[in-house]
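**Q** Quick one: structure below, then a few questions.
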Amino acid sequence: MRTISGSSSPIIQTQALTKVYGSNGAAVHALRGIDLTVQKGEFVALIGPSGSGKSTLMAILGCLDLPTEGTYTLDGRQVQGLSGGELARIRNEKVGFVFQSYNLLPKASIVRNVELPMLYAGVGRRERRERALALLEKVGIADKADKLPATLSGGQKQRVAVARALANEPALLLADEPTGALDSKTGAEVLELFRELHQQGHTLLLVTHDPSIAALAERRVEIRDGLIAVAEGVA
Amino acid sequence: MKTSGAFRERLFGAWVEVRENLGRSVLQALGVMLGVASVLGGFSISDSQRKRADEMFVKMGGLDKLNVQPRAAIKDGRPTALQQANLGLRDADAVGGEALKSEAIQGVSRQKNTRTRIVSAYADQDRQVSGIGGDFIPANGYGIAQGRGFSNTEMETGAPVVVLGTEAANTFFPKGDALGQSLRIGNIPVTVIGTFQERVFRFRENQGNQFWWRNRIIAVPANLVQRRMNGDAYRRVDRVTFRIPDMNAMSDFAKQLKNLVKSNHRLQEDFRLDDVAARVRRRQSQGSVYDIIFMLSGVLALVGGGIVNVNIQMASLKERVREVGVKMAIGASGREIFKGFMTEALLLTALGGLAGLALGVGFSWVITKSIGIPLFMTPASFAWAYGLAAAFGFLFALYPAWKASRLSPMEALRYE
């Protein structure tokens with residue numbers, strides 16, 4: 001277990017986060033006031049049944065969506081009230097996404113998929129290529145760099161997705177059911193990769209409904225009906 | 001994106017997209033292609049036609065010539081003493097006119113014609129005889145085929161010599177030995193000293209020779225007609241022609257000449273000048289109606305193609321919502337997505353436009369070939385065709401690109 005210096009600022013800090021969909025008449029309160037703090041280097045599992053609001057929370061934490069009310073600070077940056085362009089910039093620089101369905105661009109080569117976030121960040125051509133290849137090396141599929149995603153197995157695709165998520169050295173890695181589409185063996189391999197990343201100091205937030213996967217995390221936060229129901233582990 | 005290579009990257013992405021969706025891309029480029037082809041083809045056909053008409057004018061020697069011809073000064077009643085004493089169009093008008101603007105005038109010719117009986121050993125016909133003076137032969141595009149033209153002395157003295165057009169030579173001397181033979185014009189025996197080259201001009205290849213009548217010419221010195229055939233004491237002429245290639249100089253000159261001749265003629269307008277202004281207007285307006293029609297049809301094709309493109313783009317956007325969502329999730333801004341879509345549309349426009357230019361050239365070639373005129377294309381036609389395509393491609397790309405850029409990343413990612 002890693003020790004976190006108490007004085008360092010948290011990666012995620014939310015206060016009274018609410019999210020309401022729709023208007024007054026047919027309003028759906030997806031989040032009803034979430035207070036969540038994740039310190040640098042933590043490995044947190046976000047669990048909860050479907051409809052609990054965990055996907056909404058993940059979207060807001062990943063800056064894909066804005067909260068209706070409350071404050072959210074990501075790596076020292078206030079998120080609420082930002083424009084679409086500024087949010088895109090934060091997603092680009094501070095968040096790395098790993099999705100259940102990989103979400104690789106099918107027409108771009110593996111290495112280009114990994115390069116893409118750096119492209120949006122304005123990294124030069126040569127540096128981009130070097131860093132992308134290094135990342136592919138790190139996740140163990142450097143030999144497939146010039147192949148198209150369709151030629152890879154599910155586990156390999158997810159490794160590419162992880163490499164892409166790491167491209168801009170994000171403050172936060174967000175994984176949404178990353179093993180949901182994989183068989184248990186390859187799933188275990190991907191989880192092992194996450195464990196290694198955690199050991200290297202990355203901050204991980206893993207969204208899952210599977211308690212056995214959540215058990216790998218240092219800390220589990222359970223969402224139910226838009227509220228944090230149970231928080232266990234080291235706070 | 002901040003780097004200078006950003007555009008190149010987008011172009012690459014757009015190219016991948018185009019290549020991977022070949023069917024859709026071809027369909028989109030097709031509209032642009034047809035639009036460009038029809039604008040270019042229309043302009044080129046109209047240009048070719050106009051060029052041909054210009055060529056005809058030049059060969060006929062139409063545009064660069066200002067003719068002065070006599071006109072009856074009296075319409076009703078009896079002529080006044082002044083009118084009766086008037087001298088009419090004559091050599092002095094030609095000489096005075098030339099002095100007005102000698103630097104712009106490239107030639108002055110006079111004509112004094114008659115119609116009379118012409119007899120050779122083989123034929124006996126009533127024919128027009130052209131008495132010519134000054135630079136008539138070069139100014140009217142005639143060339144000597146056999147023998148020679150008139151010498152200055154022959155012109156001055158009105159020597160009994162004749163130069164025949166090919167038709168006239170064949171009619172009066174069918175054996176082809178006209179040179180040196182004798183011909184009777186009215187009562188005067190004249191000697192054939194030369195023949196003109198045949199004049200041929202067909203507007204379209206399969207049409208008849210529009211210059212056939214020029215080969216009927218029977219040319220003698222104007223002074224011969226004046227002194228011995230159809231002359232009068234005032235040495236009047238039937239036509240004075242000034243050759244001025246510069247249109248602007250011609251407009252000025254026409255005004256000055258009118259004043260000069262009028263004062264020469266005791267303020268009687270017993271002459272007629274070609275209407276230079278009307279000629280300039282006609283020259284400028286020629287074919288412009290067709291240009292407008294062709295441009296309109298091209299624009300309609302481009303609008304049609306553009307609407308098809310919007311439809312295809314919107315349909316393909318549905319397939320690509322998820323892709324847009326992924327790009328947004330990894331940090332592409334709405335602006336970036338917009339630029340990506342625009343680049344793609346403009347790349348298609350550019351490619352379709354190039355294909356359209358090629359098609360337009362082929363199209364114009366086939367049409368001009370089939371109506372039998374030479375193909376003539378100007379860079380301006382290419383620029384117009386391509387420019388219009390680019391403008392419409394840009395305009396019609398805006399909506400789908402804007403739509404794509406406005407997708408919410410959240411919803412786009414969840415889209416199935």
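Every chain in the structure tokens takes a letter, A first, then B, and so on in the order presented; its residues are numbered from 1, and the ligands are numbered from 1 following the presented order.
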May I have the residues of chain B within 8 Å of chain A, counting only C-alpha atoms, written as a list in words?
**A**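 Result: Met1, Lys2, Thr3, Gly5, Ala6, Val16, Glu17, Glu20, Glu323, Val326, Met328, Ala329, Ile330, Gly331, Ala332, Ser333, Gly334, Arg335, Pro409 and Met410 of chain B.
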**Q** Using only C-alpha atoms, which residues sit within 9 Å of Lys19 of chain A once same-chain residues fewer than 4 positions away are excluded, as a list in words?
**A**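 That gives Val28, His29, Ala30, Leu31, Arg32, Gly33, Thr56, Leu57, Ile60, Leu66, Pro67, Thr68, Glu69, Gly70 and Gly226 of chain A.
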**Q** Using C-alpha atoms, can you write the selected residues to a file as a CSV table (one decimal), in the first residue's frame?
**A**
chain,number,residue,atom,x,y,z
A,28,VAL,CA,-34.8,12.7,-13.5
A,29,HIS,CA,-32.4,13.2,-10.6
A,30,ALA,CA,-29.4,11.0,-11.6
A,31,LEU,CA,-27.1,12.3,-8.9
A,32,ARG,CA,-28.4,13.8,-5.7
A,33,GLY,CA,-25.3,15.2,-4.0
A,56,THR,CA,-23.6,9.7,-15.0
A,57,LEU,CA,-21.0,10.2,-12.3
A,60,ILE,CA,-19.0,14.1,-15.1
A,66,LEU,CA,-21.3,19.0,-16.7
A,67,PRO,CA,-23.0,18.7,-13.3
A,68,THR,CA,-26.3,20.5,-12.8
A,69,GLU,CA,-25.1,21.8,-9.4
A,70,GLY,CA,-22.1,21.3,-7.1
A,226,GLY,CA,-27.6,8.9,-7.0
**Q** Write down as a PyMOL selection string the residues belonging to segment 147-357 of chain B that are assigned helix (DSSP H, G or I) by DSSP computed on the backbone.
**A** chain B and resi 152-157+166-172+212-216+222-228+247-264+276-285+288-329+334-357
**Q** If you measure from atom CA of Pro400 of chain B to atom CA of Glu9 of chain B, what distance in Å do you get, rounded to one decimal?
**A**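 Interatomic distance here is 20.6 Å.
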**Q** Quick one, how far is atom CA of Ile34 of chain A from atom CA of Leu413 of chain B?
**A**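 About the pair atom CA of Ile34 of chain A and atom CA of Leu413 of chain B: they are 23.4 Å apart.
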